[in-house]
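Q: Got a file for you: coords.cif, mmCIF, C-alpha atoms.
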data_start
#
loop_
_atom_site.label_atom_id
_atom_site.label_comp_id
_atom_site.auth_asym_id
_atom_site.auth_seq_id
_atom_site.Cartn_x
_atom_site.Cartn_y
_atom_site.Cartn_z
CA MET E 1 -1.44 -0.87 -16.62
CA GLN E 2 -1.38 2.65 -18.04
CA ARG E 3 -2.31 2.91 -21.71
CA SER E 4 -0.63 5.30 -24.09
CA PRO E 5 -2.74 7.94 -25.88
CA ASP E 6 -1.98 6.29 -29.25
CA LEU E 7 -3.22 2.93 -27.99
CA ILE E 8 -6.39 4.49 -26.60
CA ALA E 9 -7.02 6.22 -29.93
CA GLN E 10 -6.55 2.93 -31.80
CA LEU E 11 -8.96 1.15 -29.45
CA ASP E 12 -11.55 3.92 -29.88
CA GLN E 13 -11.19 3.72 -33.65
CA SER E 14 -11.63 -0.06 -33.62
CA THR E 15 -14.71 0.28 -31.40
CA ASP E 16 -16.23 2.88 -33.75
CA GLN E 17 -15.60 0.63 -36.74
CA LEU E 18 -17.35 -2.27 -35.00
CA LYS E 19 -20.31 -0.03 -34.09
CA ARG E 20 -20.58 1.20 -37.69
CA ALA E 21 -20.60 -2.35 -39.00
CA ARG E 22 -23.32 -3.41 -36.57
CA LEU E 23 -25.36 -0.29 -37.39
CA ARG E 24 -25.13 -0.97 -41.14
CA ASN E 25 -26.28 -4.56 -40.61
CA MET E 26 -29.35 -3.38 -38.72
CA GLN E 27 -30.06 -0.73 -41.34
CA TRP E 28 -29.90 -3.33 -44.12
CA LEU E 29 -32.17 -5.58 -42.12
CA ALA E 30 -34.76 -2.79 -41.77
CA VAL E 31 -34.45 -1.97 -45.49
CA GLY E 32 -34.76 -5.65 -46.33
CA LEU E 33 -38.02 -5.90 -44.41
CA LEU E 34 -39.33 -2.84 -46.29
CA LEU E 35 -38.38 -4.38 -49.62
CA LEU E 36 -39.93 -7.67 -48.56
CA ALA E 37 -43.17 -5.88 -47.64
CA ALA E 38 -43.13 -4.14 -51.03
CA LEU E 39 -42.60 -7.44 -52.82
CA VAL E 40 -45.41 -9.10 -50.87
CA PHE E 41 -47.64 -6.13 -51.59
CA ALA E 42 -46.95 -6.36 -55.32
CA VAL E 43 -47.68 -10.10 -55.39
CA ALA E 44 -50.84 -9.76 -53.29
CA ARG E 45 -52.04 -6.83 -55.42
CA SER E 46 -51.67 -8.86 -58.57
CA GLN E 47 -53.43 -11.91 -57.09
CA ARG E 48 -56.17 -10.30 -55.01
CA ASP E 49 -58.91 -11.22 -57.50
CA GLY E 50 -57.90 -14.85 -57.33
CA HIS E 51 -58.74 -15.42 -53.70
CA PRO E 52 -60.11 -13.24 -50.83
CA ALA E 53 -57.11 -14.11 -48.64
CA TRP E 54 -54.86 -12.05 -50.86
CA GLY E 55 -56.72 -8.96 -49.74
CA TYR E 56 -55.62 -9.59 -46.19
CA VAL E 57 -52.02 -10.12 -47.34
CA GLU E 58 -52.18 -6.93 -49.39
CA ALA E 59 -53.52 -4.94 -46.44
CA PHE E 60 -50.77 -6.28 -44.17
CA ALA E 61 -48.00 -5.53 -46.67
CA GLU E 62 -49.33 -2.07 -47.49
CA ALA E 63 -49.58 -1.06 -43.84
CA ALA E 64 -46.14 -2.60 -43.18
CA MET E 65 -44.61 -0.41 -45.89
CA VAL E 66 -46.32 2.67 -44.45
CA GLY E 67 -45.09 1.84 -40.94
CA ALA E 68 -41.55 1.13 -42.16
CA ILE E 69 -41.35 4.38 -44.15
CA ALA E 70 -42.86 6.45 -41.34
CA ASP E 71 -40.45 5.05 -38.77
CA TRP E 72 -37.52 5.41 -41.19
CA PHE E 73 -38.45 9.07 -41.53
CA ALA E 74 -38.71 9.46 -37.74
CA VAL E 75 -35.32 7.82 -37.09
CA VAL E 76 -33.49 9.63 -39.88
CA ALA E 77 -35.02 12.97 -38.88
CA LEU E 78 -33.21 12.71 -35.55
CA PHE E 79 -29.78 12.85 -37.20
CA ARG E 80 -30.17 14.49 -40.61
CA HIS E 81 -32.60 15.80 -43.22
CA PRO E 82 -34.38 12.84 -44.88
CA LEU E 83 -33.24 12.53 -48.50
CA GLY E 84 -31.35 15.81 -47.97
CA ILE E 85 -34.58 17.81 -47.94
CA PRO E 86 -34.53 20.45 -45.16
CA LEU E 87 -38.01 19.71 -43.91
CA TRP E 88 -39.28 21.46 -40.81
CA HIS E 89 -38.24 19.83 -37.52
CA THR E 90 -35.72 17.41 -39.00
CA ALA E 91 -31.99 16.99 -38.22
CA ILE E 92 -33.06 17.52 -34.63
CA ILE E 93 -29.82 16.45 -32.90
CA PRO E 94 -27.33 18.52 -34.95
CA ASN E 95 -29.60 21.57 -34.85
CA SER E 96 -29.98 21.23 -31.07
CA LYS E 97 -26.30 20.59 -30.36
CA ALA E 98 -25.87 23.55 -27.99
CA ASP E 99 -29.09 22.77 -26.11
CA ILE E 100 -28.11 19.13 -25.79
CA GLY E 101 -24.71 20.09 -24.34
CA ARG E 102 -26.25 22.40 -21.77
CA SER E 103 -28.98 19.92 -20.87
CA LEU E 104 -26.52 17.06 -20.53
CA GLY E 105 -24.23 19.17 -18.33
CA ALA E 106 -27.13 20.24 -16.13
CA PHE E 107 -28.36 16.63 -15.89
CA VAL E 108 -24.94 15.38 -14.76
CA GLU E 109 -24.61 18.22 -12.25
CA ASN E 110 -28.06 17.76 -10.73
CA HIS E 111 -28.23 13.97 -10.65
CA PHE E 112 -24.64 12.68 -10.47
CA ILE E 113 -22.31 15.38 -9.11
CA THR E 114 -24.09 15.82 -5.78
CA GLU E 115 -22.58 16.00 -2.31
CA GLN E 116 -24.77 13.24 -0.96
CA GLY E 117 -24.21 10.91 -3.90
CA ILE E 118 -20.45 11.29 -3.87
CA ALA E 119 -20.30 10.99 -0.05
CA GLU E 120 -22.28 7.73 -0.18
CA ARG E 121 -19.99 6.36 -2.87
CA ILE E 122 -16.91 7.25 -0.85
CA VAL E 123 -18.30 5.55 2.26
CA GLN E 124 -19.07 2.43 0.23
CA ALA E 125 -15.60 2.40 -1.31
CA ASP E 126 -13.84 2.87 2.09
CA PRO E 127 -10.76 4.54 0.54
CA ALA E 128 -8.90 4.57 3.89
CA ALA E 129 -8.93 0.77 4.07
CA ARG E 130 -7.86 0.47 0.44
CA LEU E 131 -5.08 2.99 0.96
CA GLY E 132 -3.92 1.15 4.09
CA ALA E 133 -3.80 -2.18 2.24
CA TRP E 134 -1.93 -0.60 -0.66
CA LEU E 135 0.61 1.18 1.51
CA GLY E 136 1.09 -1.87 3.72
CA ASP E 137 2.24 -3.93 0.76
CA GLU E 138 6.04 -4.09 0.76
CA THR E 139 6.28 -3.82 -3.01
CA HIS E 140 4.08 -0.74 -3.13
CA ALA E 141 5.94 0.89 -0.23
CA ARG E 142 9.27 0.29 -1.95
CA GLN E 143 7.94 1.61 -5.25
CA LEU E 144 6.60 4.70 -3.52
CA GLY E 145 9.96 5.28 -1.86
CA MET E 146 11.86 4.97 -5.13
CA ALA E 147 9.33 7.25 -6.84
CA GLY E 148 9.82 9.84 -4.10
CA ALA E 149 13.59 9.63 -4.55
CA GLY E 150 13.13 10.07 -8.30
CA VAL E 151 10.99 13.16 -7.77
CA ALA E 152 13.63 14.56 -5.42
CA ARG E 153 16.31 13.99 -8.09
CA GLN E 154 14.23 15.83 -10.67
CA LEU E 155 13.56 18.72 -8.31
CA LEU E 156 17.27 19.03 -7.54
CA ALA E 157 18.08 18.97 -11.23
CA MET E 158 15.61 21.77 -11.96
CA ALA E 159 16.43 23.93 -8.92
CA ASP E 160 18.27 27.26 -9.13
CA HIS E 161 21.19 26.31 -6.91
CA ASP E 162 22.74 29.77 -6.80
CA LYS E 163 19.48 31.22 -5.56
CA LEU E 164 18.97 28.41 -3.04
CA GLY E 165 22.52 28.77 -1.74
CA ARG E 166 22.10 32.51 -1.35
CA LEU E 167 18.73 32.07 0.35
CA LEU E 168 20.11 29.47 2.75
CA ARG E 169 23.10 31.67 3.60
CA GLU E 170 20.82 34.64 4.30
CA GLN E 171 18.48 32.59 6.44
CA VAL E 172 21.27 31.02 8.48
CA SER E 173 23.02 34.38 8.88
CA GLY E 174 19.76 35.94 10.08
CA TYR E 175 19.19 33.10 12.53
CA LEU E 176 22.73 33.30 13.91
CA GLY E 177 22.39 37.08 14.16
CA GLN E 178 19.22 36.73 16.27
CA LEU E 179 20.77 34.14 18.55
CA ASN E 180 21.55 35.46 22.08
CA VAL E 181 25.06 34.08 22.40
CA SER E 182 25.53 35.56 25.91
CA ASP E 183 22.60 33.60 27.32
CA VAL E 184 23.63 30.45 25.49
CA ALA E 185 27.22 30.71 26.76
CA ALA E 186 26.03 31.43 30.32
CA ASP E 187 23.72 28.43 30.25
CA CYS E 188 26.54 26.24 28.93
CA ILE E 189 28.86 27.44 31.71
CA ASP E 190 26.19 26.74 34.36
CA ALA E 191 25.68 23.25 32.96
CA LEU E 192 29.44 22.60 32.96
CA ILE E 193 29.73 23.82 36.55
CA ALA E 194 26.80 21.61 37.61
CA ASP E 195 28.51 18.57 36.10
CA GLY E 196 31.93 19.44 37.58
CA LYS E 197 33.45 19.77 34.12
CA PRO E 198 35.73 22.78 34.96
CA GLN E 199 37.49 20.77 37.66
CA GLU E 200 37.78 17.80 35.31
CA LEU E 201 39.29 20.09 32.69
CA LEU E 202 41.71 21.50 35.26
CA ASP E 203 42.72 17.96 36.28
CA PHE E 204 43.34 17.12 32.65
CA LEU E 205 45.50 20.23 32.15
CA LEU E 206 47.45 19.50 35.34
CA ASP E 207 48.10 15.92 34.23
CA ARG E 208 49.30 17.10 30.82
CA SER E 209 51.42 19.81 32.46
CA ALA E 210 53.00 17.31 34.84
CA ALA E 211 53.82 14.99 31.95
CA TYR E 212 55.31 17.90 30.03
CA LEU E 213 57.42 18.99 33.01
CA ASP E 214 58.66 15.45 33.67
CA ASP E 215 60.12 15.23 30.17
CA GLU E 216 63.71 16.58 30.38
CA HIS E 217 63.67 17.36 26.67
CA HIS E 218 61.26 20.21 27.43
CA HIS E 219 63.30 21.83 30.22
CA ALA E 220 65.43 23.93 27.90
CA ALA E 221 62.30 25.18 26.11
CA ILE E 222 60.76 26.14 29.47
CA GLY E 223 63.86 28.16 30.38
CA ASP E 224 63.82 29.91 27.01
CA PHE E 225 60.12 30.70 27.51
CA VAL E 226 60.86 32.37 30.84
CA LEU E 227 63.69 34.42 29.35
CA GLY E 228 61.48 35.50 26.45
CA ALA E 229 58.52 36.27 28.69
CA PHE E 230 60.55 38.59 30.91
CA GLN E 231 62.63 39.91 27.94
CA ILE E 232 65.91 39.09 29.67
CA GLU E 233 68.85 40.03 27.44
CA ASN E 234 71.71 40.27 29.97
CA ALA E 235 74.09 37.34 29.63
CA LEU E 236 74.77 37.06 33.38
CA VAL E 237 71.06 37.07 34.19
CA LYS E 238 70.43 34.49 31.49
CA LYS E 239 73.15 32.31 32.99
CA ALA E 240 71.60 32.66 36.44
CA VAL E 241 68.15 31.73 35.13
CA LYS E 242 69.56 28.71 33.38
CA ALA E 243 71.30 27.68 36.59
CA TYR E 244 68.02 28.09 38.48
CA GLU E 245 66.11 26.14 35.81
CA PRO E 246 66.04 22.72 37.60
CA ARG E 247 64.75 24.23 40.83
CA MET E 248 62.16 26.28 38.91
CA ILE E 249 60.88 23.19 37.10
CA ALA E 250 60.85 21.21 40.34
CA SER E 251 58.83 23.99 41.95
CA LEU E 252 56.34 23.97 39.10
CA GLN E 253 56.01 20.19 39.35
CA LYS E 254 55.44 20.42 43.10
CA PHE E 255 52.77 23.12 42.62
CA ALA E 256 50.99 21.20 39.90
CA LEU E 257 50.98 18.02 42.04
CA ALA E 258 49.65 19.93 45.03
CA VAL E 259 46.75 21.36 43.07
CA ARG E 260 46.07 17.97 41.48
CA VAL E 261 45.76 16.00 44.69
CA ASP E 262 43.94 18.66 46.73
CA PRO E 263 40.25 19.10 45.75
CA ALA E 264 40.05 22.12 48.05
CA HIS E 265 43.19 23.87 46.80
CA PRO E 266 42.77 27.69 46.70
CA LEU E 267 43.64 27.77 42.99
CA ARG E 268 40.73 25.47 42.26
CA GLN E 269 38.43 27.77 44.22
CA ARG E 270 39.70 30.85 42.39
CA ILE E 271 39.24 29.22 38.98
CA ALA E 272 35.72 28.13 39.93
CA GLY E 273 35.00 31.68 41.04
CA TRP E 274 36.30 33.13 37.79
CA ILE E 275 34.13 30.79 35.77
CA ALA E 276 31.03 31.49 37.88
CA ASP E 277 31.66 35.24 37.64
CA SER E 278 31.91 34.90 33.87
CA ALA E 279 28.48 33.26 33.74
CA LEU E 280 26.98 36.02 35.88
CA HIS E 281 28.55 38.73 33.72
CA LEU E 282 27.22 37.08 30.55
CA LYS E 283 23.71 37.00 32.03
CA ALA E 284 23.51 40.42 33.68
CA ASP E 285 26.35 42.69 32.58
CA PRO E 286 25.27 44.92 29.65
CA GLN E 287 28.87 45.69 28.74
CA TRP E 288 29.78 42.01 28.50
CA GLN E 289 26.62 41.33 26.48
CA ALA E 290 27.30 44.25 24.13
CA THR E 291 30.88 43.08 23.64
CA VAL E 292 29.80 39.52 22.89
CA ARG E 293 27.10 40.84 20.55
CA ARG E 294 29.60 42.99 18.67
CA TYR E 295 32.03 40.12 18.19
CA GLN E 296 29.14 37.85 17.21
CA LEU E 297 27.98 40.16 14.40
CA GLN E 298 31.55 40.77 13.24
CA LEU E 299 32.17 37.03 13.07
CA ILE E 300 28.95 36.37 11.12
CA ALA E 301 29.74 39.18 8.65
CA SER E 302 33.31 38.04 8.14
CA ASP E 303 34.30 36.77 4.71
CA THR E 304 35.37 33.43 6.16
CA VAL E 305 32.02 32.68 7.80
CA GLN E 306 30.01 33.96 4.83
CA ALA E 307 32.04 31.81 2.46
CA MET E 308 31.48 28.81 4.74
CA LEU E 309 27.74 29.46 4.88
CA GLY E 310 27.68 29.91 1.10
CA ASP E 311 29.10 26.41 0.69
CA VAL E 312 26.51 24.81 2.97
CA TRP E 313 24.00 24.26 0.16
CA ASN E 314 26.66 22.88 -2.19
CA HIS E 315 27.78 20.35 0.42
CA LEU E 316 24.19 19.48 1.28
CA ARG E 317 23.27 19.09 -2.40
CA ALA E 318 26.30 16.88 -3.02
CA ARG E 319 25.33 14.62 -0.12
CA LEU E 320 21.71 14.47 -1.31
CA LEU E 321 22.70 13.63 -4.89
CA ALA E 322 25.12 10.96 -3.73
CA ASP E 323 22.36 9.37 -1.67
CA LEU E 324 19.66 9.72 -4.33
CA HIS E 325 21.84 8.01 -6.96
CA ALA E 326 22.60 5.09 -4.66
CA ASP E 327 20.92 1.70 -5.17
CA GLN E 328 18.94 2.12 -1.96
CA PRO E 329 18.67 5.85 -1.17
CA VAL E 330 18.10 6.74 2.46
CA LEU E 331 15.26 9.04 1.39
CA ALA E 332 13.56 6.16 -0.46
CA GLN E 333 13.92 3.91 2.59
CA ALA E 334 12.47 6.61 4.83
CA ILE E 335 9.48 7.14 2.53
CA ALA E 336 8.92 3.38 2.26
CA SER E 337 9.07 3.02 6.05
CA LEU E 338 6.59 5.87 6.47
CA ALA E 339 4.27 4.25 3.92
CA ARG E 340 4.43 0.87 5.66
CA ASN E 341 3.77 2.39 9.06
CA THR E 342 0.86 4.40 7.68
CA GLY E 343 -0.57 1.25 6.10
CA THR E 344 -0.22 -0.64 9.38
CA VAL E 345 -2.02 2.11 11.30
CA LEU E 346 -4.85 2.33 8.77
CA GLY E 347 -5.20 -1.45 8.73
CA ALA E 348 -5.37 -1.85 12.50
CA ASP E 349 -6.99 1.36 13.75
CA GLN E 350 -10.68 1.72 12.92
CA ALA E 351 -10.72 5.25 14.35
CA ALA E 352 -7.89 6.29 12.01
CA ARG E 353 -9.74 4.88 9.00
CA ALA E 354 -12.95 6.62 10.04
CA TRP E 355 -11.10 9.91 10.48
CA LEU E 356 -9.48 9.66 7.04
CA ASN E 357 -12.74 8.67 5.35
CA ASP E 358 -14.55 11.55 7.03
CA ALA E 359 -11.81 13.92 5.89
CA ILE E 360 -12.12 12.65 2.32
CA VAL E 361 -15.90 13.04 2.44
CA ALA E 362 -15.58 16.57 3.80
CA GLY E 363 -12.98 17.44 1.16
CA SER E 364 -15.10 15.98 -1.63
CA GLY E 365 -18.08 18.00 -0.43
CA ALA E 366 -16.05 21.18 -0.59
CA LEU E 367 -14.84 20.28 -4.09
CA VAL E 368 -18.38 19.55 -5.25
CA ARG E 369 -19.66 22.86 -3.91
CA ARG E 370 -16.80 24.72 -5.54
CA TYR E 371 -16.54 23.02 -8.92
CA ARG E 372 -19.93 21.42 -9.62
CA GLY E 373 -20.99 24.40 -11.70
CA GLU E 374 -17.92 23.93 -13.85
CA VAL E 375 -18.77 20.30 -14.66
CA GLY E 376 -21.76 21.25 -16.78
CA ALA E 377 -19.79 24.02 -18.46
CA PHE E 378 -16.97 21.57 -19.18
CA ILE E 379 -19.35 19.02 -20.74
CA ALA E 380 -21.03 21.72 -22.83
CA ALA E 381 -17.64 23.07 -23.92
CA ARG E 382 -16.39 19.61 -24.93
CA LEU E 383 -19.54 18.94 -26.95
CA ASP E 384 -19.23 22.37 -28.53
CA LEU E 385 -15.86 21.30 -29.97
CA TRP E 386 -17.64 18.70 -32.07
CA SER E 387 -19.19 19.72 -35.35
CA LYS E 388 -22.87 19.05 -35.94
CA ASP E 389 -22.08 16.10 -38.19
CA GLU E 390 -19.58 14.66 -35.73
CA MET E 391 -21.99 14.93 -32.81
CA SER E 392 -24.77 13.37 -34.88
CA GLU E 393 -22.48 10.52 -35.88
CA ARG E 394 -21.33 9.92 -32.29
CA ILE E 395 -24.88 9.67 -31.00
CA GLU E 396 -26.01 7.54 -33.93
CA LEU E 397 -23.15 5.10 -33.31
CA ALA E 398 -24.13 4.93 -29.65
CA ILE E 399 -27.91 4.35 -30.06
CA GLY E 400 -28.50 4.03 -33.82
CA ARG E 401 -28.51 0.23 -33.79
CA ASP E 402 -31.28 0.18 -31.21
CA LEU E 403 -33.21 2.80 -33.19
CA GLN E 404 -33.27 0.43 -36.19
CA PHE E 405 -35.45 -1.87 -34.12
CA ILE E 406 -38.01 0.93 -34.20
CA ARG E 407 -38.05 0.61 -37.98
CA ILE E 408 -38.33 -3.16 -37.75
CA ASN E 409 -41.05 -2.98 -35.14
CA GLY E 410 -42.82 -0.28 -37.17
CA THR E 411 -42.84 -2.59 -40.17
CA VAL E 412 -44.32 -5.49 -38.21
CA VAL E 413 -46.69 -3.46 -36.04
CA GLY E 414 -47.84 -1.36 -39.02
CA GLY E 415 -48.58 -4.51 -40.97
CA LEU E 416 -50.53 -6.01 -38.06
CA ALA E 417 -52.46 -2.73 -37.61
CA GLY E 418 -53.32 -2.65 -41.33
CA LEU E 419 -54.39 -6.29 -41.20
CA LEU E 420 -56.58 -5.58 -38.16
CA ILE E 421 -58.23 -2.57 -39.84
CA TYR E 422 -58.82 -4.50 -43.06
CA THR E 423 -60.25 -7.41 -41.15
CA ALA E 424 -62.59 -5.15 -39.18
CA THR E 425 -63.68 -3.50 -42.39
CA GLN E 426 -64.52 -6.85 -43.96
CA LEU E 427 -66.42 -8.02 -40.91
CA PHE E 428 -68.50 -4.89 -40.45
#
Taking this structure as input, can you express it in the form of structure tokens?

A:
Amino acid sequence: MQRSPDLIAQLDQSTDQLKRARLRNMQWLAVGLLLLAALVFAVARSQRDGHPAWGYVEAFAEAAMVGAIADWFAVVALFRHPLGIPLWHTAIIPNSKADIGRSLGAFVENHFITEQGIAERIVQADPAARLGAWLGDETHARQLGMAGAGVARQLLAMADHDKLGRLLREQVSGYLGQLNVSDVAADCIDALIADGKPQELLDFLLDRSAAYLDDEHHHAAIGDFVLGAFQIENALVKKAVKAYEPRMIASLQKFALAVRVDPAHPLRQRIAGWIADSALHLKADPQWQATVRRYQLQLIASDTVQAMLGDVWNHLRARLLADLHADQPVLAQAIASLARNTGTVLGADQAARAWLNDAIVAGSGALVRRYRGEVGAFIAARLDLWSKDEMSERIELAIGRDLQFIRINGTVVGGLAGLLIYTATQLF
């Protein structure tokens, strides 16, 4: 679960408060031992003439006070001037803030951010296997797909659509302008000839023509077409053509039927020859190629084609948005499918996992070599943002409680040392 910055700040503040409370408790405990040693010293001092044992108690308490005060001075001198007096070599941490930052950065660089150390940690973690297991989970794959669709929606919302449409139109126009239409058309004609498509097309046209000629409702239109084609205006000639109309239509029907039923009809051969000649001209005739090229460029530059190409991005964007706002976008399903397949491969193929882990190790090594020097600088820069007092407080909260044990131990050990010295003095 991802935590908000406010929640993290509250948790840090609560942790600091708990550390301060524990530090104060240890400080009061150390002070209490010092006060106890002082009280014991005062009692033993007042009673030392009453019994020799009080001398030993006095020596212990006196040395305990000395040890407690000396260790208090040593601990406090790390973080501030004792009693506010700027004695030499006190407030060591705040006065050495810059050196501490540089030393800490160098320590992390030299002992933690190393190629070998990071490579060993990556091998132990086996990120390829973890990634495969994560991607192979249906829930994760679906979430990844929906996240990808969401990113695509945001990118579309932020995109400059006028610029994209113009760029797409220019790219497509350039591609169409570079296309050798003559070669493409010749190849298409060769493929059609190889499949017998021209003869099939001719059969289709003959069938449609026969059906058209068989319909008597079209006979008058056929006669009018002949009169218009030959620009016949004379009334007598028109009458003669009309009279000849049934025989003309019957002749056309007979010719169409003859071509249809005869695979070797001369007309079929001539049409096949025309088509084959067209393919040869498109491949080898510079004039044909130049003509096709000229018409090609004119067509691409025409307002109609440019307007059509300009609308390509708008239509594509509309289709993308319609899909991305659907409950199950196709893009999300494709990303989820890719994630599942990748997870399956990584889970089943040891070689694939080894390759990915090796790639991650190699990439991490390159990153370490490139950015390791910046890690120390980053740490030093972050510490430099703290004031001397803030840095001193941070370190004291981190280790100050343990340092109070030094004061406690100093009280006890000092007392024992004083007792030992006093005892030796009495014996010798």

Q: List the residues matched by the PyMOL selection byres ((chain E and resi 143) around 12) in the displayed structure as a list in words, ordered by chain and then by residue number.

A: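 Against this file, the PyMOL selection byres ((chain E and resi 143) around 12) returns the residues Trp134, Leu135, Gly136, Asp137, Glu138, Thr139, His140, Ala141, Arg142, Leu144, Gly145, Met146, Ala147, Gly148, Ala149, Gly150, Gln328, Ala332, Gln333, Ile335, Ala336, Ser337, Ala339 and Arg340 of chain E.
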
Q: As an exercise, work out the distance from CA of Ser392 (chain E) to CA of Leu87 (chain E) in Å and give it to one decimal place.

A: 17.2 Å

Q: Write out as a PyMOL selection string the residues lying within 10 Å of region 64-76 of chain E, counting only C-alpha atoms and excluding same-chain residues fewer than 4 positions away.

A: chain E and resi 27+30-31+33-38+41+58-60+80-83+90-92+396+400+403-419

Q: Next, write the just-selected residues to a file, as a PDB file, in the frame of the given file, keeping C-alpha atoms as the atom set.

A:
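Generated output (out.pdb):
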ATOM      1  CA  GLN E  27     -30.060  -0.730 -41.340  1.00  0.00           C
ATOM      2  CA  ALA E  30     -34.760  -2.790 -41.770  1.00  0.00           C
ATOM      3  CA  VAL E  31     -34.450  -1.970 -45.490  1.00  0.00           C
ATOM      4  CA  LEU E  33     -38.020  -5.900 -44.410  1.00  0.00           C
ATOM      5  CA  LEU E  34     -39.330  -2.840 -46.290  1.00  0.00           C
ATOM      6  CA  LEU E  35     -38.380  -4.380 -49.620  1.00  0.00           C
ATOM      7  CA  LEU E  36     -39.930  -7.670 -48.560  1.00  0.00           C
ATOM      8  CA  ALA E  37     -43.170  -5.880 -47.640  1.00  0.00           C
ATOM      9  CA  ALA E  38     -43.130  -4.140 -51.030  1.00  0.00           C
ATOM     10  CA  PHE E  41     -47.640  -6.130 -51.590  1.00  0.00           C
ATOM     11  CA  GLU E  58     -52.180  -6.930 -49.390  1.00  0.00           C
ATOM     12  CA  ALA E  59     -53.520  -4.940 -46.440  1.00  0.00           C
ATOM     13  CA  PHE E  60     -50.770  -6.280 -44.170  1.00  0.00           C
ATOM     14  CA  ARG E  80     -30.170  14.490 -40.610  1.00  0.00           C
ATOM     15  CA  HIS E  81     -32.600  15.800 -43.220  1.00  0.00           C
ATOM     16  CA  PRO E  82     -34.380  12.840 -44.880  1.00  0.00           C
ATOM     17  CA  LEU E  83     -33.240  12.530 -48.500  1.00  0.00           C
ATOM     18  CA  THR E  90     -35.720  17.410 -39.000  1.00  0.00           C
ATOM     19  CA  ALA E  91     -31.990  16.990 -38.220  1.00  0.00           C
ATOM     20  CA  ILE E  92     -33.060  17.520 -34.630  1.00  0.00           C
ATOM     21  CA  GLU E 396     -26.010   7.540 -33.930  1.00  0.00           C
ATOM     22  CA  GLY E 400     -28.500   4.030 -33.820  1.00  0.00           C
ATOM     23  CA  LEU E 403     -33.210   2.800 -33.190  1.00  0.00           C
ATOM     24  CA  GLN E 404     -33.270   0.430 -36.190  1.00  0.00           C
ATOM     25  CA  PHE E 405     -35.450  -1.870 -34.120  1.00  0.00           C
ATOM     26  CA  ILE E 406     -38.010   0.930 -34.200  1.00  0.00           C
ATOM     27  CA  ARG E 407     -38.050   0.610 -37.980  1.00  0.00           C
ATOM     28  CA  ILE E 408     -38.330  -3.160 -37.750  1.00  0.00           C
ATOM     29  CA  ASN E 409     -41.050  -2.980 -35.140  1.00  0.00           C
ATOM     30  CA  GLY E 410     -42.820  -0.280 -37.170  1.00  0.00           C
ATOM     31  CA  THR E 411     -42.840  -2.590 -40.170  1.00  0.00           C
ATOM     32  CA  VAL E 412     -44.320  -5.490 -38.210  1.00  0.00           C
ATOM     33  CA  VAL E 413     -46.690  -3.460 -36.040  1.00  0.00           C
ATOM     34  CA  GLY E 414     -47.840  -1.360 -39.020  1.00  0.00           C
ATOM     35  CA  GLY E 415     -48.580  -4.510 -40.970  1.00  0.00           C
ATOM     36  CA  LEU E 416     -50.530  -6.010 -38.060  1.00  0.00           C
ATOM     37  CA  ALA E 417     -52.460  -2.730 -37.610  1.00  0.00           C
ATOM     38  CA  GLY E 418     -53.320  -2.650 -41.330  1.00  0.00           C
ATOM     39  CA  LEU E 419     -54.390  -6.290 -41.200  1.00  0.00           C
TER      40      LEU E 419
END

Q: Between E:Ala334, E:Trp274, E:Ser182, E:Asp215, which has the minimum distance to Pro286 (chain E) (counting all atoms listed in the file)?

A: E:Ser182

Q: For Val368 (chain E), list every protein, DNA or RNA residue within 9 Å, evaluated using all atoms listed in the file, and leave out those in the same chain fewer than 3 positions away; present the list as a tab-separated table (two decimals) with C-alpha atoms, keeping the file's coordinate frame.

A:
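As a result, out06.tsv now contains:
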chain	number	residue	atom	x	y	z
E	113	ILE	CA	-22.31	15.38	-9.11
E	114	THR	CA	-24.09	15.82	-5.78
E	115	GLU	CA	-22.58	16.00	-2.31
E	118	ILE	CA	-20.45	11.29	-3.87
E	363	GLY	CA	-12.98	17.44	1.16
E	364	SER	CA	-15.10	15.98	-1.63
E	365	GLY	CA	-18.08	18.00	-0.43
E	371	TYR	CA	-16.54	23.02	-8.92
E	372	ARG	CA	-19.93	21.42	-9.62
E	373	GLY	CA	-20.99	24.40	-11.70

Q: Contacts of region 157-167 of chain E at 9 Å or less, counting only C-alpha atoms, minus same-chain residues fewer than 3 places along, as a ChimeraX atom specification?

A: /E:152-154,170-172,309-314,317

Q: I need the output of the PyMOL selection byres ((chain E and resi 131) around 10) for this file as a ChimeraX atom specification; which residues are they?

A: /E:126-130,132-136,339,342-343,346-347,353

Q: Can you list, as a list in words, the residues that the PyMOL selection byres ((chain E and resi 361) around 10) selects here?

A: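 Evaluating the PyMOL selection byres ((chain E and resi 361) around 10) on these coordinates yields Glu115, Gln116, Ile118, Ala119, Glu120, Arg121, Ile122, Val123, Trp355, Leu356, Asn357, Asp358, Ala359, Ile360, Ala362, Gly363, Ser364, Gly365, Ala366 and Leu367 of chain E.
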
Q: Can you build me a table of region 124-195 of chain E residues sitting at most 10 Å from region 289-293 of chain E, with the closest atom pair per residue and its distance in Å to one decimal, using all atoms listed in the file, sorted by chain and residue number, as a Markdown table?

A:
| residue | atom | partner | partner_atom | distance |
| --- | --- | --- | --- | --- |
| E:Gly177 | CA | E:Arg293 | CA | 8.8 |
| E:Gln178 | CA | E:Arg293 | CA | 9.9 |
| E:Leu179 | CA | E:Arg293 | CA | 9.4 |
| E:Asn180 | CA | E:Arg293 | CA | 7.9 |
| E:Val181 | CA | E:Val292 | CA | 7.2 |
| E:Ser182 | CA | E:Gln289 | CA | 5.9 |
| E:Asp183 | CA | E:Gln289 | CA | 8.8 |
| E:Ala185 | CA | E:Val292 | CA | 10.0 |
